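Remarks on the structure that follows.
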Amino acid sequence: MGAGARVRNGVRGLVAAAALICLLGAFALTDRRPEAAGYGAAAAPGPDCAPAWAGAWHAAAQPGPADPALAGRTLRMVVVPQVTGSQVRVRLSNAYGATPMQVGTVSAGWSDGAAGLVPGTMRPVAFGGLSGVTVAPGAEAVSDPVALVAEVGRPLAVSLFLVTPPDVLTQHGVALQTSYLSRPGDAALADDGAAFDTPVTSWMVLTGVDVLAPRPVNSVVTIGDSITDGVGAGPGERWSDALSRRLTAAGGPSVMAVLNSGISRNQLLSDAPLVDGDSPLSRYDRDVGAATDVVLHIGTNDIAAGRKADAIVAGMVAFAERARAGGTRVVLTTITPSATGAHGTPEAIATRESVNAWVRAHGAEHADGVADFAAAVADPADASRLAPAFDSGDGLHLSAAGYRALADALDPALLSGSPCLDGGESRVLVSGP
């Protein structure tokens with residue numbers, strides 16, 4: 001790998017050394033305009049595969065209870081980007097609010113692994129040139145570009161002073177990542193974490209981070225329920241994380257951004273935002289958008305709720321048709337086994353076996369491919385339950401090894417890949433703040 005560009009952004013000591021980077025084009029992501037495309041959207045690359053904006057991190061939006069105590073406090077949301085590049089943009093959402101959300105100071109910087117920032121990396125974030133933004137009910141705000149290097153796997157902290165929270169807060173409940181809430185006051189520009197004395201385990205208001213990457217790369221969205229949300233695992237252990245590592249290890253045109261749109265308790269056939277979240281089809285535009293690829297893994301909660309196999313199959317077909325109508329490649333999966341509670345009654349097992357038999361035999365007639373997740377994690381002695389090594393302990397959710405097995409069951413050849421990465425290396429050049 002060649003030498004990186006000289007950093008002239010005032011970052012001191014170790015930070016300056018870390019920011020002198022020369023990166024392979026495998027870290028580049030998709031070109032898209034925020035006003036026209038959803039997370040992971042990809043425009044047709046130009047002949048020179050020029051630098052392009054890309055979704056580097058995403059969380060599916062859910063409504064949260066109103067909390068007046070958030071007013072006048074600062075949220076410091078910690079996220080891990082999947083894309084390396086020289087600039088970032090952040091996305092703030094008021095998707096479920098019926099009242100405006102007023103946000104004051106916003107900043108972004110490298111997380112120090114706790115509540116603070118790596119000194120010298122903090123950058124103020126503006127919206128239309130202003131230091132704050134009011135997000136209308138049902139809307140999101142995309143920031144101006146910020147000259148901050150993002151690196152694959154290096155946590156970023158986005159801090160925002162919440163002046164007036166909406167009546168319903170947009171959040172993602174299962175973050176598997178610790179973020180922070182401050183004492184009263186605007187601490188968005190503080191490097192140290194002294195003011196952030198309350199850890200939180202959900203992502204609030206922040207639903208996306210974009211990165212300006214050196215080359216376009218396509219993206220795959222994983223959408224589903226708590227199995228996709230990663231319940232039972234730890235940070236970086238969801239099956240989407242394992243798939244991302246697998247594609248990155250393959251390198252070149254196999255690399256894609258893997259963006260997680262799982263929601264715990266989600267159902268394919270039911271919209272119950274306050275309990276189970278919007279169904280994948282209802283939230284399609286927001287959570288899949290114009291992504292090049294989408295993998296649907298859902299149905300266990302529908303089965304537990306008493307839905308019949310033919311209805312679940314019809315829901316899978318409807319989702320696949322929606323994706324393909326927009327030019328998005330779609331992969332359907334079998335439903336992972338469970339012998340627990342309403343998921344494991346004789347009726348539930350029979351329904352799951354019927355749906356899975358249809359996916360194996362006919363799924364590819366409606367989608368671009370199928371992945372047999374159930375077979376990958378089933379107990380060889382009893383296919384109606386999880387193999388002990390893949391069971392997190394509750395008989396339904398998977399262990400880290402189980403989530404890796406799901407990622408291994410998805411053939412990368414079913415995905416679009418990233419043609420712009422089939423070539424020589426590219427570099428991120430850092431300048432300015």
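Chain labels run A, B, ... following the order of the structure tokens; each chain numbers its residues from 1, and ligands are numbered from 1 in the order shown.
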
Sorted by chain and rising residue number, which residues of segment 198-311 of chain A lie within 6 Å of segment 58-82 of chain A, and what are their closest atom pairs and distances in Å to one decimal, counting only C-alpha atoms, as a tab-separated table?
residue	atom	partner	partner_atom	distance
A:Thr207	CA	A:Ala59	CA	5.1
A:Gly208	CA	A:His58	CA	4.5
A:Leu259	CA	A:His58	CA	6.0
A:Ser261	CA	A:Ala60	CA	4.9

For the residues in the current selection, export N, CA, C and O atoms as an mmCIF file, in the first residue's frame.
data_model
loop_
_atom_site.group_PDB
_atom_site.id
_atom_site.type_symbol
_atom_site.label_atom_id
_atom_site.label_comp_id
_atom_site.auth_asym_id
_atom_site.auth_seq_id
_atom_site.Cartn_x
_atom_site.Cartn_y
_atom_site.Cartn_z
ATOM 1 N N THR A 207 -29.972 8.427 12.977
ATOM 2 C CA THR A 207 -30.319 7.199 12.260
ATOM 3 C C THR A 207 -29.363 6.888 11.124
ATOM 4 O O THR A 207 -29.481 5.829 10.502
ATOM 5 N N GLY A 208 -28.419 7.778 10.837
ATOM 6 C CA GLY A 208 -27.508 7.465 9.748
ATOM 7 C C GLY A 208 -26.268 8.328 9.735
ATOM 8 O O GLY A 208 -26.272 9.467 10.226
ATOM 9 N N LEU A 259 -25.691 -2.915 5.656
ATOM 10 C CA LEU A 259 -26.416 -1.993 6.527
ATOM 11 C C LEU A 259 -27.563 -2.724 7.206
ATOM 12 O O LEU A 259 -28.388 -3.353 6.545
ATOM 13 N N SER A 261 -30.988 -3.312 9.140
ATOM 14 C CA SER A 261 -32.325 -2.744 9.359
ATOM 15 C C SER A 261 -33.206 -3.724 10.115
ATOM 16 O O SER A 261 -34.396 -3.869 9.824
#

DSSP-assigned helix (DSSP H, G or I) among segment 268-349 of chain A, expressed as a ChimeraX atom specification: /A:284-287,300-304,309-325,341-343,346-349

Strand (DSSP E or B) positions in segment 125-287 of chain A, given as number ranges by chain: A: 125, 127, 130, 133-135, 140-142, 146, 150, 156-164, 169-172, 179-181, 198-200, 203-204, 206-213, 219-224, 257-262, 272, 277

Output as JSON lines one row per residue of segment 142-230 of chain A within 10 Å of segment 395-405 of chain A: the closest atom pair and its distance in Å to one decimal place, counting only C-alpha atoms, sorted by chain and residue number ascending.
{"residue": "A:Ser226", "atom": "CA", "partner": "A:His397", "partner_atom": "CA", "distance": 7.6}
{"residue": "A:Ile227", "atom": "CA", "partner": "A:His397", "partner_atom": "CA", "distance": 6.1}
{"residue": "A:Thr228", "atom": "CA", "partner": "A:Tyr403", "partner_atom": "CA", "distance": 8.8}
{"residue": "A:Gly230", "atom": "CA", "partner": "A:Leu398", "partner_atom": "CA", "distance": 7.9}

Save out the residues we just selected, C-alpha atoms, as a compact mmCIF listing (two decimals), in the first residue's frame.
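selection_30.txt written:
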# COMPACT_ATOMS: atom_id res chain seq x y z
CA SER A 226 -34.55 -9.67 16.48
CA ILE A 227 -32.44 -12.31 14.73
CA THR A 228 -31.19 -9.59 12.39
CA GLY A 230 -28.61 -9.29 16.95

All residues 9 Å or closer to Leu92 of chain A, only C-alpha atoms, same chain fewer than 2 positions away omitted, as a ChimeraX atom specification: /A:90,94,135,139-143,204-208

Atom CA of Ser279 of chain A to atom CA of Ala318 of chain A, distance in Å rounded to a single decimal: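 Spanning atom CA of Ser279 of chain A to atom CA of Ala318 of chain A is a straight-line distance of 12.0 Å.
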
Residues near segment 363-367 of chain A, cut-off 9 Å, only C-alpha atoms, skip fewer than 5 positions along chain, as a ChimeraX atom specification: /A:316-317,320-321,323-324,329-333,358

Atom-to-atom span, atom CA of Thr351 of chain A and atom CA of Ala309 of chain A, Å: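 It comes out at 5.3 Å.
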
Excluding segment 291-308 of chain A and residues on its chain fewer than 5 positions from it, collect all residues at most 7 Å away from it, counting only C-alpha atoms, and give them as a PDB file with N, CA and C atoms, in the first residue's frame.
ATOM      1  N   TYR A  39     -30.889   4.760   2.424  1.00  0.00           N
ATOM      2  CA  TYR A  39     -29.600   4.276   2.872  1.00  0.00           C
ATOM      3  C   TYR A  39     -29.064   3.230   1.923  1.00  0.00           C
ATOM      4  N   GLY A  40     -27.762   3.345   1.614  1.00  0.00           N
ATOM      5  CA  GLY A  40     -27.117   2.368   0.771  1.00  0.00           C
ATOM      6  C   GLY A  40     -27.409   2.528  -0.693  1.00  0.00           C
ATOM      7  N   ALA A  41     -28.080   3.622  -1.097  1.00  0.00           N
ATOM      8  CA  ALA A  41     -28.442   3.772  -2.497  1.00  0.00           C
ATOM      9  C   ALA A  41     -27.214   3.897  -3.368  1.00  0.00           C
ATOM     10  N   ALA A  42     -27.293   3.375  -4.578  1.00  0.00           N
ATOM     11  CA  ALA A  42     -26.149   3.400  -5.482  1.00  0.00           C
ATOM     12  C   ALA A  42     -26.567   3.940  -6.836  1.00  0.00           C
ATOM     13  N   ASN A 218     -21.375  -0.949  -3.913  1.00  0.00           N
ATOM     14  CA  ASN A 218     -22.785  -1.233  -3.688  1.00  0.00           C
ATOM     15  C   ASN A 218     -23.039  -1.650  -2.245  1.00  0.00           C
ATOM     16  N   SER A 219     -24.322  -1.676  -1.881  1.00  0.00           N
ATOM     17  CA  SER A 219     -24.671  -1.982  -0.497  1.00  0.00           C
ATOM     18  C   SER A 219     -25.777  -3.013  -0.438  1.00  0.00           C
ATOM     19  N   VAL A 220     -25.763  -3.803   0.636  1.00  0.00           N
ATOM     20  CA  VAL A 220     -26.811  -4.774   0.898  1.00  0.00           C
ATOM     21  C   VAL A 220     -27.417  -4.452   2.256  1.00  0.00           C
ATOM     22  N   VAL A 221     -28.736  -4.366   2.297  1.00  0.00           N
ATOM     23  CA  VAL A 221     -29.470  -4.108   3.536  1.00  0.00           C
ATOM     24  C   VAL A 221     -29.997  -5.428   4.071  1.00  0.00           C
ATOM     25  N   THR A 222     -29.762  -5.697   5.348  1.00  0.00           N
ATOM     26  CA  THR A 222     -30.345  -6.869   6.011  1.00  0.00           C
ATOM     27  C   THR A 222     -31.556  -6.387   6.799  1.00  0.00           C
ATOM     28  N   ILE A 223     -32.717  -6.937   6.514  1.00  0.00           N
ATOM     29  CA  ILE A 223     -33.943  -6.461   7.143  1.00  0.00           C
ATOM     30  C   ILE A 223     -34.673  -7.634   7.766  1.00  0.00           C
ATOM     31  N   GLY A 224     -35.203  -7.421   8.974  1.00  0.00           N
ATOM     32  CA  GLY A 224     -35.882  -8.506   9.654  1.00  0.00           C
ATOM     33  C   GLY A 224     -36.196  -8.177  11.094  1.00  0.00           C
ATOM     34  N   ASP A 225     -36.192  -9.197  11.943  1.00  0.00           N
ATOM     35  CA  ASP A 225     -36.620  -9.071  13.330  1.00  0.00           C
ATOM     36  C   ASP A 225     -35.418  -9.127  14.269  1.00  0.00           C
ATOM     37  N   ARG A 265     -38.725  -7.973  17.617  1.00  0.00           N
ATOM     38  CA  ARG A 265     -40.155  -8.298  17.663  1.00  0.00           C
ATOM     39  C   ARG A 265     -40.871  -7.997  16.347  1.00  0.00           C
ATOM     40  N   ASN A 266     -40.147  -7.601  15.316  1.00  0.00           N
ATOM     41  CA  ASN A 266     -40.762  -7.237  14.043  1.00  0.00           C
ATOM     42  C   ASN A 266     -41.491  -8.429  13.418  1.00  0.00           C
ATOM     43  N   GLN A 267     -42.582  -8.123  12.722  1.00  0.00           N
ATOM     44  CA  GLN A 267     -43.340  -9.129  11.990  1.00  0.00           C
ATOM     45  C   GLN A 267     -43.422  -8.748  10.524  1.00  0.00           C
ATOM     46  N   LEU A 268     -43.487  -9.748   9.675  1.00  0.00           N
ATOM     47  CA  LEU A 268     -43.622  -9.531   8.243  1.00  0.00           C
ATOM     48  C   LEU A 268     -44.987  -8.980   7.877  1.00  0.00           C
ATOM     49  N   LEU A 269     -46.018  -9.407   8.610  1.00  0.00           N
ATOM     50  CA  LEU A 269     -47.395  -9.144   8.191  1.00  0.00           C
ATOM     51  C   LEU A 269     -48.134  -8.165   9.084  1.00  0.00           C
ATOM     52  N   THR A 328     -33.824  -3.703  -7.291  1.00  0.00           N
ATOM     53  CA  THR A 328     -32.989  -4.165  -6.180  1.00  0.00           C
ATOM     54  C   THR A 328     -32.956  -5.687  -6.155  1.00  0.00           C
ATOM     55  N   ARG A 329     -31.762  -6.257  -6.067  1.00  0.00           N
ATOM     56  CA  ARG A 329     -31.633  -7.703  -5.917  1.00  0.00           C
ATOM     57  C   ARG A 329     -32.118  -8.105  -4.526  1.00  0.00           C
ATOM     58  N   VAL A 330     -32.858  -9.210  -4.449  1.00  0.00           N
ATOM     59  CA  VAL A 330     -33.416  -9.635  -3.169  1.00  0.00           C
ATOM     60  C   VAL A 330     -33.108 -11.108  -2.947  1.00  0.00           C
ATOM     61  N   VAL A 331     -32.715 -11.412  -1.722  1.00  0.00           N
ATOM     62  CA  VAL A 331     -32.457 -12.780  -1.296  1.00  0.00           C
ATOM     63  C   VAL A 331     -33.443 -13.112  -0.178  1.00  0.00           C
ATOM     64  N   LEU A 332     -34.155 -14.214  -0.317  1.00  0.00           N
ATOM     65  CA  LEU A 332     -35.059 -14.695   0.720  1.00  0.00           C
ATOM     66  C   LEU A 332     -34.350 -15.777   1.531  1.00  0.00           C
ATOM     67  N   THR A 333     -34.718 -15.904   2.797  1.00  0.00           N
ATOM     68  CA  THR A 333     -34.091 -16.899   3.658  1.00  0.00           C
ATOM     69  C   THR A 333     -35.144 -17.764   4.335  1.00  0.00           C
ATOM     70  N   ILE A 335     -36.592 -19.628   7.733  1.00  0.00           N
ATOM     71  CA  ILE A 335     -36.783 -19.113   9.091  1.00  0.00           C
ATOM     72  C   ILE A 335     -36.048 -20.029  10.066  1.00  0.00           C
ATOM     73  N   ALA A 342     -44.291 -19.995  22.182  1.00  0.00           N
ATOM     74  CA  ALA A 342     -45.188 -19.950  21.031  1.00  0.00           C
ATOM     75  C   ALA A 342     -44.457 -20.180  19.721  1.00  0.00           C
ATOM     76  N   HIS A 343     -43.139 -20.047  19.728  1.00  0.00           N
ATOM     77  CA  HIS A 343     -42.339 -20.312  18.528  1.00  0.00           C
ATOM     78  C   HIS A 343     -42.131 -21.801  18.305  1.00  0.00           C
ATOM     79  N   ALA A 348     -46.671 -24.333  15.365  1.00  0.00           N
ATOM     80  CA  ALA A 348     -45.645 -23.392  14.903  1.00  0.00           C
ATOM     81  C   ALA A 348     -44.566 -24.118  14.114  1.00  0.00           C
ATOM     82  N   THR A 351     -45.879 -24.960  10.697  1.00  0.00           N
ATOM     83  CA  THR A 351     -45.949 -23.767   9.839  1.00  0.00           C
ATOM     84  C   THR A 351     -44.564 -23.390   9.336  1.00  0.00           C
ATOM     85  N   LEU A 415     -25.091 -11.763  -4.513  1.00  0.00           N
ATOM     86  CA  LEU A 415     -25.130 -10.316  -4.334  1.00  0.00           C
ATOM     87  C   LEU A 415     -24.498  -9.606  -5.522  1.00  0.00           C
ATOM     88  N   SER A 416     -24.782  -8.319  -5.620  1.00  0.00           N
ATOM     89  CA  SER A 416     -24.324  -7.545  -6.782  1.00  0.00           C
ATOM     90  C   SER A 416     -22.822  -7.338  -6.808  1.00  0.00           C
TER      91      SER A 416
END

Coordinates-based distance that separates atom CA of Gly232 of chain A from atom CA of Asp368 of chain A (Å, one decimal):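 Between atom CA of Asp368 of chain A and atom CA of Gly232 of chain A the gap is 29.4 Å.
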
Polymer residues at most 10 Å from Met122 of chain A, only C-alpha atoms, same-chain spacing of 6 or more positions, as a list in words: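 The contact residues come out as Val11, Ser107, Ala108, Gly109, Trp110, Ser111, Leu148, Leu156, Ala157, Val158, Ser159, Ala188, Leu189, Ala190, Asp191 and Pro433 of chain A.
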
How about saving the chosen residues, N, CA, C and O atoms kept, as a PDB file, in the first residue's frame?
ATOM      1  N   VAL A  11      -4.566  17.976  13.741  1.00  0.00           N
ATOM      2  CA  VAL A  11      -4.646  16.860  14.677  1.00  0.00           C
ATOM      3  C   VAL A  11      -3.270  16.577  15.234  1.00  0.00           C
ATOM      4  O   VAL A  11      -2.314  16.473  14.481  1.00  0.00           O
ATOM      5  N   SER A 107     -21.995  17.950  16.866  1.00  0.00           N
ATOM      6  CA  SER A 107     -20.585  17.721  16.526  1.00  0.00           C
ATOM      7  C   SER A 107     -20.370  16.259  16.190  1.00  0.00           C
ATOM      8  O   SER A 107     -21.197  15.400  16.498  1.00  0.00           O
ATOM      9  N   ALA A 108     -19.234  15.988  15.568  1.00  0.00           N
ATOM     10  CA  ALA A 108     -18.814  14.619  15.300  1.00  0.00           C
ATOM     11  C   ALA A 108     -17.322  14.509  15.562  1.00  0.00           C
ATOM     12  O   ALA A 108     -16.566  15.455  15.322  1.00  0.00           O
ATOM     13  N   GLY A 109     -16.895  13.373  16.059  1.00  0.00           N
ATOM     14  CA  GLY A 109     -15.474  13.145  16.324  1.00  0.00           C
ATOM     15  C   GLY A 109     -15.227  11.681  16.569  1.00  0.00           C
ATOM     16  O   GLY A 109     -16.150  10.872  16.624  1.00  0.00           O
ATOM     17  N   TRP A 110     -13.962  11.325  16.709  1.00  0.00           N
ATOM     18  CA  TRP A 110     -13.601   9.943  17.017  1.00  0.00           C
ATOM     19  C   TRP A 110     -13.881   9.661  18.487  1.00  0.00           C
ATOM     20  O   TRP A 110     -13.433  10.387  19.377  1.00  0.00           O
ATOM     21  N   SER A 111     -14.616   8.583  18.756  1.00  0.00           N
ATOM     22  CA  SER A 111     -14.855   8.164  20.130  1.00  0.00           C
ATOM     23  C   SER A 111     -13.560   7.656  20.753  1.00  0.00           C
ATOM     24  O   SER A 111     -12.753   6.998  20.089  1.00  0.00           O
ATOM     25  N   LEU A 148     -14.013  15.310   8.302  1.00  0.00           N
ATOM     26  CA  LEU A 148     -13.598  14.399   9.366  1.00  0.00           C
ATOM     27  C   LEU A 148     -13.363  13.032   8.746  1.00  0.00           C
ATOM     28  O   LEU A 148     -14.239  12.488   8.068  1.00  0.00           O
ATOM     29  N   LEU A 156     -17.208   6.377  15.814  1.00  0.00           N
ATOM     30  CA  LEU A 156     -17.461   7.809  15.783  1.00  0.00           C
ATOM     31  C   LEU A 156     -18.471   8.157  16.866  1.00  0.00           C
ATOM     32  O   LEU A 156     -19.360   7.354  17.184  1.00  0.00           O
ATOM     33  N   ALA A 157     -18.350   9.345  17.418  1.00  0.00           N
ATOM     34  CA  ALA A 157     -19.320   9.858  18.381  1.00  0.00           C
ATOM     35  C   ALA A 157     -19.977  11.095  17.785  1.00  0.00           C
ATOM     36  O   ALA A 157     -19.300  12.062  17.444  1.00  0.00           O
ATOM     37  N   VAL A 158     -21.294  11.043  17.637  1.00  0.00           N
ATOM     38  CA  VAL A 158     -22.067  12.188  17.158  1.00  0.00           C
ATOM     39  C   VAL A 158     -22.818  12.755  18.352  1.00  0.00           C
ATOM     40  O   VAL A 158     -23.633  12.074  18.974  1.00  0.00           O
ATOM     41  N   SER A 159     -22.516  13.994  18.687  1.00  0.00           N
ATOM     42  CA  SER A 159     -23.104  14.645  19.858  1.00  0.00           C
ATOM     43  C   SER A 159     -24.109  15.683  19.402  1.00  0.00           C
ATOM     44  O   SER A 159     -23.840  16.449  18.475  1.00  0.00           O
ATOM     45  N   ALA A 188     -21.970  19.418  23.527  1.00  0.00           N
ATOM     46  CA  ALA A 188     -21.697  18.827  22.219  1.00  0.00           C
ATOM     47  C   ALA A 188     -20.274  19.075  21.750  1.00  0.00           C
ATOM     48  O   ALA A 188     -19.720  18.271  20.993  1.00  0.00           O
ATOM     49  N   LEU A 189     -19.669  20.179  22.164  1.00  0.00           N
ATOM     50  CA  LEU A 189     -18.324  20.504  21.695  1.00  0.00           C
ATOM     51  C   LEU A 189     -17.233  20.103  22.684  1.00  0.00           C
ATOM     52  O   LEU A 189     -16.061  20.424  22.488  1.00  0.00           O
ATOM     53  N   ALA A 190     -17.608  19.386  23.737  1.00  0.00           N
ATOM     54  CA  ALA A 190     -16.635  18.985  24.758  1.00  0.00           C
ATOM     55  C   ALA A 190     -15.894  17.733  24.332  1.00  0.00           C
ATOM     56  O   ALA A 190     -16.507  16.722  23.956  1.00  0.00           O
ATOM     57  N   ASP A 191     -14.549  17.782  24.395  1.00  0.00           N
ATOM     58  CA  ASP A 191     -13.751  16.604  24.104  1.00  0.00           C
ATOM     59  C   ASP A 191     -13.894  15.542  25.195  1.00  0.00           C
ATOM     60  O   ASP A 191     -13.995  14.343  24.911  1.00  0.00           O
ATOM     61  N   PRO A 433      -9.733  21.355   8.256  1.00  0.00           N
ATOM     62  CA  PRO A 433     -10.730  20.708   9.096  1.00  0.00           C
ATOM     63  C   PRO A 433     -12.049  20.751   8.399  1.00  0.00           C
ATOM     64  O   PRO A 433     -12.267  21.262   7.425  1.00  0.00           O
TER      65      PRO A 433
END
